[in-house]
>>> print(open('my_file12.cif').read())   # mmCIF, C-alpha atoms; chains and numbers go by the auth columns
data_my_file
#
loop_
_atom_site.group_PDB
_atom_site.id
_atom_site.type_symbol
_atom_site.label_atom_id
_atom_site.label_comp_id
_atom_site.label_asym_id
_atom_site.label_seq_id
_atom_site.Cartn_x
_atom_site.Cartn_y
_atom_site.Cartn_z
_atom_site.B_iso_or_equiv
_atom_site.auth_seq_id
_atom_site.auth_asym_id
ATOM 1 C CA PHE A 1 10.917 16.655 -2.413 0.00 443 K
ATOM 2 C CA ASN A 2 9.261 13.273 -2.023 0.00 444 K
ATOM 3 C CA SER A 3 6.428 12.926 0.475 0.00 445 K
ATOM 4 C CA PHE A 4 4.092 10.085 1.356 0.00 446 K
ATOM 5 C CA LYS A 5 1.822 12.361 3.356 0.00 447 K
ATOM 6 C CA GLY A 6 -1.726 12.660 2.072 0.00 448 K
ATOM 7 C CA HIS A 7 -4.818 14.245 3.581 0.00 449 K
ATOM 8 C CA LEU A 8 -8.411 13.031 3.534 0.00 450 K
ATOM 9 C CA TYR A 9 -11.325 15.345 2.741 0.00 451 K
ATOM 10 C CA LYS A 10 -15.068 14.922 2.423 0.00 452 K
ATOM 11 C CA VAL A 11 -17.364 16.862 0.130 0.00 453 K
ATOM 12 C CA PRO A 12 -21.187 16.927 0.232 0.00 454 K
ATOM 13 C CA VAL A 13 -22.783 14.826 -2.523 0.00 455 K
ATOM 14 C CA ASP A 14 -24.791 17.857 -3.670 0.00 456 K
ATOM 15 C CA GLY A 15 -21.659 20.005 -3.858 0.00 457 K
ATOM 16 C CA GLY A 16 -20.085 22.485 -1.526 0.00 458 K
ATOM 17 C CA MET A 17 -16.782 23.154 0.107 0.00 459 K
ATOM 18 C CA PRO A 18 -14.434 20.282 0.989 0.00 460 K
ATOM 19 C CA GLU A 19 -13.798 19.618 4.660 0.00 461 K
ATOM 20 C CA GLN A 20 -10.530 18.086 5.812 0.00 462 K
ATOM 21 C CA LEU A 21 -11.035 15.068 8.042 0.00 463 K
ATOM 22 C CA PRO A 22 -9.456 15.294 11.516 0.00 464 K
ATOM 23 C CA PHE A 23 -6.381 13.182 10.780 0.00 465 K
ATOM 24 C CA PRO A 24 -2.807 14.404 10.345 0.00 466 K
ATOM 25 C CA GLU A 25 -2.470 12.137 7.276 0.00 467 K
ATOM 26 C CA GLY A 26 -4.459 9.592 5.319 0.00 468 K
ATOM 27 C CA GLY A 27 -4.574 7.345 2.267 0.00 469 K
ATOM 28 C CA PHE A 28 -7.045 4.727 1.054 0.00 470 K
ATOM 29 C CA SER A 29 -10.268 4.787 3.044 0.00 471 K
ATOM 30 C CA SER A 30 -13.810 3.431 3.296 0.00 472 K
ATOM 31 C CA PHE A 31 -16.805 4.603 5.361 0.00 473 K
ATOM 32 C CA ASN A 32 -19.187 2.265 7.169 0.00 474 K
ATOM 33 C CA SER A 33 -22.806 2.220 5.937 0.00 475 K
ATOM 34 C CA ASP A 34 -24.016 5.164 8.064 0.00 476 K
ATOM 35 C CA GLY A 35 -20.874 7.284 7.698 0.00 477 K
ATOM 36 C CA THR A 36 -20.085 7.385 11.428 0.00 478 K
ATOM 37 C CA LYS A 37 -16.844 5.401 11.112 0.00 479 K
ATOM 38 C CA LEU A 38 -13.993 5.328 8.637 0.00 480 K
ATOM 39 C CA ALA A 39 -11.481 2.550 7.940 0.00 481 K
ATOM 40 C CA TYR A 40 -8.327 4.049 6.483 0.00 482 K
ATOM 41 C CA ASN A 41 -4.600 3.809 5.868 0.00 483 K
ATOM 42 C CA ARG A 42 -2.398 6.568 7.229 0.00 484 K
ATOM 43 C CA VAL A 43 0.216 6.300 4.473 0.00 485 K
ATOM 44 C CA PHE A 44 -0.616 6.543 0.771 0.00 486 K
ATOM 45 C CA ARG A 45 2.119 4.402 -0.767 0.00 487 K
ATOM 46 C CA GLU A 46 0.556 1.658 -2.910 0.00 488 K
ATOM 47 C CA PHE A 47 2.100 3.115 -6.050 0.00 489 K
ATOM 48 C CA ARG A 48 5.669 2.565 -4.814 0.00 490 K
ATOM 49 C CA THR A 49 7.651 -0.399 -6.102 0.00 491 K
ATOM 50 C CA TRP A 50 8.824 -1.752 -2.764 0.00 492 K
ATOM 51 C CA LYS A 51 7.630 -5.348 -2.837 0.00 493 K
ATOM 52 C CA TYR A 52 7.823 -7.155 0.531 0.00 494 K
ATOM 53 C CA TYR A 53 8.462 -3.852 2.299 0.00 495 K
ATOM 54 C CA ARG A 54 8.637 -4.287 6.086 0.00 496 K
ATOM 55 C CA GLY A 55 9.850 -0.884 7.238 0.00 497 K
ATOM 56 C CA GLY A 56 8.355 1.942 9.248 0.00 498 K
ATOM 57 C CA MET A 57 6.167 3.144 6.380 0.00 499 K
ATOM 58 C CA ALA A 58 4.292 -0.191 6.188 0.00 500 K
ATOM 59 C CA ASP A 59 0.575 0.548 6.518 0.00 501 K
ATOM 60 C CA GLU A 60 -1.917 -0.669 9.074 0.00 502 K
ATOM 61 C CA VAL A 61 -5.697 -0.363 8.815 0.00 503 K
ATOM 62 C CA TRP A 62 -7.218 2.086 11.306 0.00 504 K
ATOM 63 C CA ILE A 63 -10.824 2.786 12.286 0.00 505 K
ATOM 64 C CA HIS A 64 -11.888 6.280 13.309 0.00 506 K
ATOM 65 C CA ASP A 65 -15.212 6.791 15.099 0.00 507 K
ATOM 66 C CA PHE A 66 -16.535 10.293 14.349 0.00 508 K
ATOM 67 C CA ASN A 67 -18.912 10.181 17.349 0.00 509 K
ATOM 68 C CA THR A 68 -16.394 9.205 20.047 0.00 510 K
ATOM 69 C CA HIS A 69 -13.326 10.618 18.215 0.00 511 K
ATOM 70 C CA GLU A 70 -11.498 7.339 18.937 0.00 512 K
ATOM 71 C CA THR A 71 -9.003 5.910 16.458 0.00 513 K
ATOM 72 C CA LYS A 72 -7.722 2.346 16.740 0.00 514 K
ATOM 73 C CA ALA A 73 -5.634 0.020 14.601 0.00 515 K
ATOM 74 C CA ILE A 74 -7.294 -3.236 13.543 0.00 516 K
ATOM 75 C CA THR A 75 -4.063 -4.675 12.107 0.00 517 K
ATOM 76 C CA ASP A 76 -0.686 -4.866 13.794 0.00 518 K
ATOM 77 C CA ASN A 77 2.144 -6.472 11.869 0.00 519 K
ATOM 78 C CA ASP A 78 5.194 -5.449 9.859 0.00 520 K
ATOM 79 C CA ALA A 79 3.563 -6.188 6.478 0.00 521 K
ATOM 80 C CA GLN A 80 1.482 -3.979 4.231 0.00 522 K
ATOM 81 C CA ASP A 81 -2.246 -3.896 5.147 0.00 523 K
ATOM 82 C CA ILE A 82 -3.892 -1.656 2.558 0.00 524 K
ATOM 83 C CA PHE A 83 -7.073 -0.753 0.659 0.00 525 K
ATOM 84 C CA PRO A 84 -9.698 -1.114 3.412 0.00 526 K
ATOM 85 C CA MET A 85 -13.211 -1.786 2.065 0.00 527 K
ATOM 86 C CA TRP A 86 -16.042 -1.656 4.619 0.00 528 K
ATOM 87 C CA ILE A 87 -18.888 -4.063 3.759 0.00 529 K
ATOM 88 C CA GLY A 88 -21.508 -4.596 6.472 0.00 530 K
ATOM 89 C CA ASP A 89 -19.802 -5.777 9.675 0.00 531 K
ATOM 90 C CA GLU A 90 -16.559 -6.612 7.879 0.00 532 K
ATOM 91 C CA ILE A 91 -13.569 -4.680 6.614 0.00 533 K
ATOM 92 C CA PHE A 92 -11.797 -6.334 3.689 0.00 534 K
ATOM 93 C CA PHE A 93 -8.212 -5.327 2.915 0.00 535 K
ATOM 94 C CA LEU A 94 -5.094 -6.504 1.103 0.00 536 K
ATOM 95 C CA SER A 95 -2.077 -7.800 2.991 0.00 537 K
ATOM 96 C CA ASP A 96 1.257 -9.299 1.996 0.00 538 K
ATOM 97 C CA ARG A 97 1.888 -10.805 5.431 0.00 539 K
ATOM 98 C CA ASP A 98 2.280 -14.191 3.671 0.00 540 K
ATOM 99 C CA ARG A 99 4.542 -12.695 0.944 0.00 541 K
ATOM 100 C CA THR A 100 1.848 -12.562 -1.796 0.00 542 K
ATOM 101 C CA MET A 101 -0.762 -9.775 -1.590 0.00 543 K
ATOM 102 C CA ASN A 102 -4.065 -11.507 -0.764 0.00 544 K
ATOM 103 C CA LEU A 103 -7.494 -10.473 0.456 0.00 545 K
ATOM 104 C CA PHE A 104 -8.137 -10.590 4.204 0.00 546 K
ATOM 105 C CA VAL A 105 -11.198 -9.647 6.241 0.00 547 K
ATOM 106 C CA TYR A 106 -11.592 -8.213 9.742 0.00 548 K
ATOM 107 C CA ASN A 107 -14.918 -8.763 11.529 0.00 549 K
ATOM 108 C CA ILE A 108 -15.778 -5.688 13.598 0.00 550 K
ATOM 109 C CA LYS A 109 -18.023 -7.680 15.955 0.00 551 K
ATOM 110 C CA THR A 110 -15.609 -10.522 16.783 0.00 552 K
ATOM 111 C CA GLY A 111 -12.282 -8.742 16.190 0.00 553 K
ATOM 112 C CA GLU A 112 -11.105 -11.770 14.189 0.00 554 K
ATOM 113 C CA THR A 113 -9.082 -11.539 10.968 0.00 555 K
ATOM 114 C CA GLU A 114 -9.331 -14.199 8.264 0.00 556 K
ATOM 115 C CA LYS A 115 -7.468 -14.761 4.986 0.00 557 K
ATOM 116 C CA VAL A 116 -10.075 -15.194 2.228 0.00 558 K
ATOM 117 C CA THR A 117 -7.931 -15.689 -0.908 0.00 559 K
ATOM 118 C CA ASN A 118 -4.854 -17.886 -1.206 0.00 560 K
ATOM 119 C CA PHE A 119 -2.987 -16.754 -4.299 0.00 561 K
ATOM 120 C CA THR A 120 0.706 -17.637 -4.450 0.00 562 K
ATOM 121 C CA ASP A 121 1.630 -16.576 -7.993 0.00 563 K
ATOM 122 C CA TYR A 122 0.733 -12.873 -8.366 0.00 564 K
ATOM 123 C CA ASP A 123 -0.351 -10.108 -6.011 0.00 565 K
ATOM 124 C CA ILE A 124 -3.900 -8.798 -5.934 0.00 566 K
ATOM 125 C CA LYS A 125 -3.839 -5.178 -7.081 0.00 567 K
ATOM 126 C CA PHE A 126 -6.207 -2.203 -6.906 0.00 568 K
ATOM 127 C CA PRO A 127 -9.371 -3.663 -5.345 0.00 569 K
ATOM 128 C CA SER A 128 -12.631 -1.749 -5.329 0.00 570 K
ATOM 129 C CA CYS A 129 -16.025 -2.629 -3.928 0.00 571 K
ATOM 130 C CA ASN A 130 -19.669 -1.926 -4.681 0.00 572 K
ATOM 131 C CA GLY A 131 -22.299 -3.511 -2.494 0.00 573 K
ATOM 132 C CA ASN A 132 -21.123 -7.045 -1.703 0.00 574 K
ATOM 133 C CA THR A 133 -18.822 -7.317 -4.723 0.00 575 K
ATOM 134 C CA ILE A 134 -15.082 -6.672 -4.637 0.00 576 K
ATOM 135 C CA VAL A 135 -13.321 -6.377 -8.008 0.00 577 K
ATOM 136 C CA PHE A 136 -9.546 -6.599 -8.396 0.00 578 K
ATOM 137 C CA GLU A 137 -6.732 -7.332 -10.848 0.00 579 K
ATOM 138 C CA LYS A 138 -4.299 -10.207 -10.434 0.00 580 K
ATOM 139 C CA GLY A 139 -1.746 -11.351 -12.992 0.00 581 K
ATOM 140 C CA GLY A 140 -3.413 -9.358 -15.769 0.00 582 K
ATOM 141 C CA TYR A 141 -6.863 -10.844 -15.145 0.00 583 K
ATOM 142 C CA ILE A 142 -9.948 -9.299 -13.546 0.00 584 K
ATOM 143 C CA TYR A 143 -11.677 -11.110 -10.675 0.00 585 K
ATOM 144 C CA THR A 144 -14.823 -10.615 -8.627 0.00 586 K
ATOM 145 C CA PHE A 145 -15.194 -11.722 -5.025 0.00 587 K
ATOM 146 C CA ASN A 146 -18.582 -11.930 -3.309 0.00 588 K
ATOM 147 C CA ALA A 147 -18.155 -10.743 0.289 0.00 589 K
ATOM 148 C CA LYS A 148 -21.212 -12.674 1.517 0.00 590 K
ATOM 149 C CA THR A 149 -20.718 -16.040 -0.207 0.00 591 K
ATOM 150 C CA ARG A 150 -16.893 -15.796 -0.491 0.00 592 K
ATOM 151 C CA GLU A 151 -17.244 -16.877 -4.142 0.00 593 K
ATOM 152 C CA LEU A 152 -14.302 -15.938 -6.368 0.00 594 K
ATOM 153 C CA LYS A 153 -14.729 -15.686 -10.159 0.00 595 K
ATOM 154 C CA GLN A 154 -12.419 -14.719 -12.981 0.00 596 K
ATOM 155 C CA VAL A 155 -14.154 -12.290 -15.345 0.00 597 K
ATOM 156 C CA PRO A 156 -13.803 -13.270 -19.005 0.00 598 K
ATOM 157 C CA VAL A 157 -12.551 -10.334 -21.053 0.00 599 K
ATOM 158 C CA THR A 158 -12.935 -10.362 -24.829 0.00 600 K
ATOM 159 C CA ILE A 159 -11.282 -7.727 -26.975 0.00 601 K
ATOM 160 C CA ASN A 160 -12.846 -7.519 -30.412 0.00 602 K
ATOM 161 C CA ASN A 161 -10.546 -7.473 -33.403 0.00 603 K
ATOM 162 C CA ASP A 162 -10.247 -3.983 -34.844 0.00 604 K
ATOM 163 C CA MET A 163 -8.961 -5.310 -38.188 0.00 605 K
ATOM 164 C CA VAL A 164 -5.384 -4.097 -37.782 0.00 606 K
ATOM 165 C CA LEU A 165 -4.269 -5.933 -40.948 0.00 607 K
ATOM 166 C CA ALA A 166 -7.151 -4.480 -43.032 0.00 608 K
ATOM 167 C CA ARG A 167 -6.276 -0.827 -42.390 0.00 609 K
#
>>> encode(input="my_file12.cif", output="structure tokens")
Amino acid sequence: FNSFKGHLYKVPVDGGMPEQLPFPEGGFSSFNSDGTKLAYNRVFREFRTWKYYRGGMADEVWIHDFNTHETKAITDNDAQDIFPMWIGDEIFFLSDRDRTMNLFVYNIKTGETEKVTNFTDYDIKFPSCNGNTIVFEKGGYIYTFNAKTRELKQVPVTINNDMVLAR
């Protein structure tokens, strides 16, 4: 049996019992700074190999407000909109609406969406954020993206020789 249905839970930082969040399904997610809202995907399917998928399982990014119990979509297209990352008043996410998976941002105050990277060769994969920095892989390289300055940098990676021929 193959299922795409996942469930989201929260657990107190100091330990305790997990509590299922009030959604019938959920995938990648990110809380706002005070924990009153959650940006999330309903379907957990990033690990599938369906490039350029445009079917009914294509994800949108949703925001749930825990105070008002309202849930609304902030994306609405037939492409994949995945990996929401809430930073300040913006929600960054990946989308392949232009064929290559790039980084986009939704401003919660203006409701505007902007494309912030313009890669055409390889998809961005597996982004993660800490503070204002988003880190992701693209084409076998690691990149950082500063959410405030919009500065993109490739991270140099050096692998020291472990003397394979001297063993």
>>> residues_around(input="my_file12.cif", residues="segment 504-511 of chain K", least_positions_apart="3", cutoff="8 Å", atoms="only C-alpha atoms", output="VMD selection string")
chain K and resid 478 to 484 514 to 517
>>> write_last_selection(input="my_file12.cif", atoms="C-alpha atoms", output="PDB file, in the frame of the given file")
ATOM      1  CA  THR K 478     -20.085   7.385  11.428  1.00  0.00           C
ATOM      2  CA  LYS K 479     -16.844   5.401  11.112  1.00  0.00           C
ATOM      3  CA  LEU K 480     -13.993   5.328   8.637  1.00  0.00           C
ATOM      4  CA  ALA K 481     -11.481   2.550   7.940  1.00  0.00           C
ATOM      5  CA  TYR K 482      -8.327   4.049   6.483  1.00  0.00           C
ATOM      6  CA  ASN K 483      -4.600   3.809   5.868  1.00  0.00           C
ATOM      7  CA  ARG K 484      -2.398   6.568   7.229  1.00  0.00           C
ATOM      8  CA  LYS K 514      -7.722   2.346  16.740  1.00  0.00           C
ATOM      9  CA  ALA K 515      -5.634   0.020  14.601  1.00  0.00           C
ATOM     10  CA  ILE K 516      -7.294  -3.236  13.543  1.00  0.00           C
ATOM     11  CA  THR K 517      -4.063  -4.675  12.107  1.00  0.00           C
TER      12      THR K 517
END
>>> resolve_selection(input="my_file12.cif", expression="the PyMOL selection byres ((chain K and resi 574) around 9)", output="PyMOL selection string")
chain K and resi 529-530+571-573+575-576+587-590
>>> residues_around(input="my_file12.cif", residues="Phe535 of chain K", least_positions_apart="6", cutoff="8 Å", atoms="all atoms listed in the file", output="number ranges by chain")
K: 523-527, 545-547
>>> closest_residue(input="my_file12.cif", among="K:Gly458, K:Gly498, K:Pro569, K:Gly468", to="Tyr585 of chain K", atoms="only C-alpha atoms")
K:Pro569
>>> atom_distance(input="my_file12.cif", atom1="atom CA of Asn560 of chain K", atom2="atom CA of Ala500 of chain K")
21.2 Å
>>> residues_around(input="my_file12.cif", residues="Gln462 of chain K", least_positions_apart="4", cutoff="7 Å", atoms="only C-alpha atoms", output="list in words")
Leu450, Tyr451 and Lys452 of chain K
>>> residues_near_point(input="my_file12.cif", point="(-5.8, -15.8, 4.4)", cutoff="12 Å", atoms="all atoms listed in the file", output="ChimeraX atom specification")
/K:534-548,554-562
>>> atom_distance(input="my_file12.cif", atom1="atom CA of Glu461 of chain K", atom2="atom CA of Asp501 of chain K")
24.0 Å
>>> atom_distance(input="my_file12.cif", atom1="atom CA of Asn519 of chain K", atom2="atom CA of Gly582 of chain K")
28.3 Å
>>> residues_around(input="my_file12.cif", residues="His449 of chain K", least_positions_apart="5", cutoff="8 Å", atoms="all atoms listed in the file", output="ChimeraX atom specification")
/K:462-463,465-469
>>> resolve_selection(input="my_file12.cif", expression="the PyMOL selection byres ((chain K and resi 583) around 9)", output="list in words")
Phe578, Glu579, Lys580, Gly581, Gly582, Ile584, Tyr585, Gln596, Val597, Pro598 and Val599 of chain K
>>> build_atoms(input="my_file12.cif", residues="segment 525-541 of chain K", atoms="N, CA, C and O atoms", output="compact mmCIF listing (two decimals), in the frame of the given file")
# COMPACT_ATOMS: atom_id res chain seq x y z
N PHE K 525 -5.80 -0.78 1.38
CA PHE K 525 -7.07 -0.75 0.66
C PHE K 525 -8.24 -1.26 1.51
O PHE K 525 -8.93 -2.21 1.12
N PRO K 526 -8.54 -0.65 2.64
CA PRO K 526 -9.70 -1.11 3.41
C PRO K 526 -11.00 -0.87 2.65
O PRO K 526 -11.16 0.16 2.00
N MET K 527 -11.90 -1.86 2.71
CA MET K 527 -13.21 -1.79 2.06
C MET K 527 -14.25 -2.27 3.06
O MET K 527 -14.30 -3.45 3.38
N TRP K 528 -15.07 -1.34 3.57
CA TRP K 528 -16.04 -1.66 4.62
C TRP K 528 -17.32 -2.18 3.98
O TRP K 528 -17.99 -1.47 3.25
N ILE K 529 -17.67 -3.44 4.29
CA ILE K 529 -18.89 -4.06 3.76
C ILE K 529 -19.62 -4.69 4.94
O ILE K 529 -19.17 -5.69 5.50
N GLY K 530 -20.73 -4.09 5.34
CA GLY K 530 -21.51 -4.60 6.47
C GLY K 530 -20.70 -4.54 7.75
O GLY K 530 -20.20 -3.49 8.14
N ASP K 531 -20.56 -5.69 8.42
CA ASP K 531 -19.80 -5.78 9.68
C ASP K 531 -18.37 -6.24 9.44
O ASP K 531 -17.70 -6.69 10.38
N GLU K 532 -17.89 -6.14 8.20
CA GLU K 532 -16.56 -6.61 7.88
C GLU K 532 -15.77 -5.54 7.13
O GLU K 532 -16.33 -4.75 6.37
N ILE K 533 -14.47 -5.55 7.36
CA ILE K 533 -13.57 -4.68 6.61
C ILE K 533 -12.60 -5.58 5.87
O ILE K 533 -11.80 -6.30 6.48
N PHE K 534 -12.70 -5.57 4.54
CA PHE K 534 -11.80 -6.33 3.69
C PHE K 534 -10.59 -5.46 3.39
O PHE K 534 -10.70 -4.24 3.27
N PHE K 535 -9.42 -6.07 3.24
CA PHE K 535 -8.21 -5.33 2.92
C PHE K 535 -7.19 -6.28 2.30
O PHE K 535 -7.32 -7.50 2.40
N LEU K 536 -6.19 -5.70 1.65
CA LEU K 536 -5.09 -6.50 1.10
C LEU K 536 -3.95 -6.54 2.10
O LEU K 536 -3.69 -5.56 2.79
N SER K 537 -3.26 -7.68 2.15
CA SER K 537 -2.08 -7.80 2.99
C SER K 537 -1.09 -8.74 2.34
O SER K 537 -1.48 -9.74 1.73
N ASP K 538 0.21 -8.40 2.49
CA ASP K 538 1.26 -9.30 2.00
C ASP K 538 1.99 -9.97 3.16
O ASP K 538 3.16 -10.32 3.06
N ARG K 539 1.28 -10.18 4.25
CA ARG K 539 1.89 -10.80 5.43
C ARG K 539 2.36 -12.22 5.15
O ARG K 539 3.21 -12.75 5.87
N ASP K 540 1.83 -12.86 4.09
CA ASP K 540 2.28 -14.19 3.67
C ASP K 540 3.06 -14.12 2.36
O ASP K 540 3.03 -15.05 1.57
N ARG K 541 3.71 -12.98 2.11
CA ARG K 541 4.54 -12.70 0.94
C ARG K 541 3.74 -12.28 -0.29
O ARG K 541 4.11 -11.34 -0.95
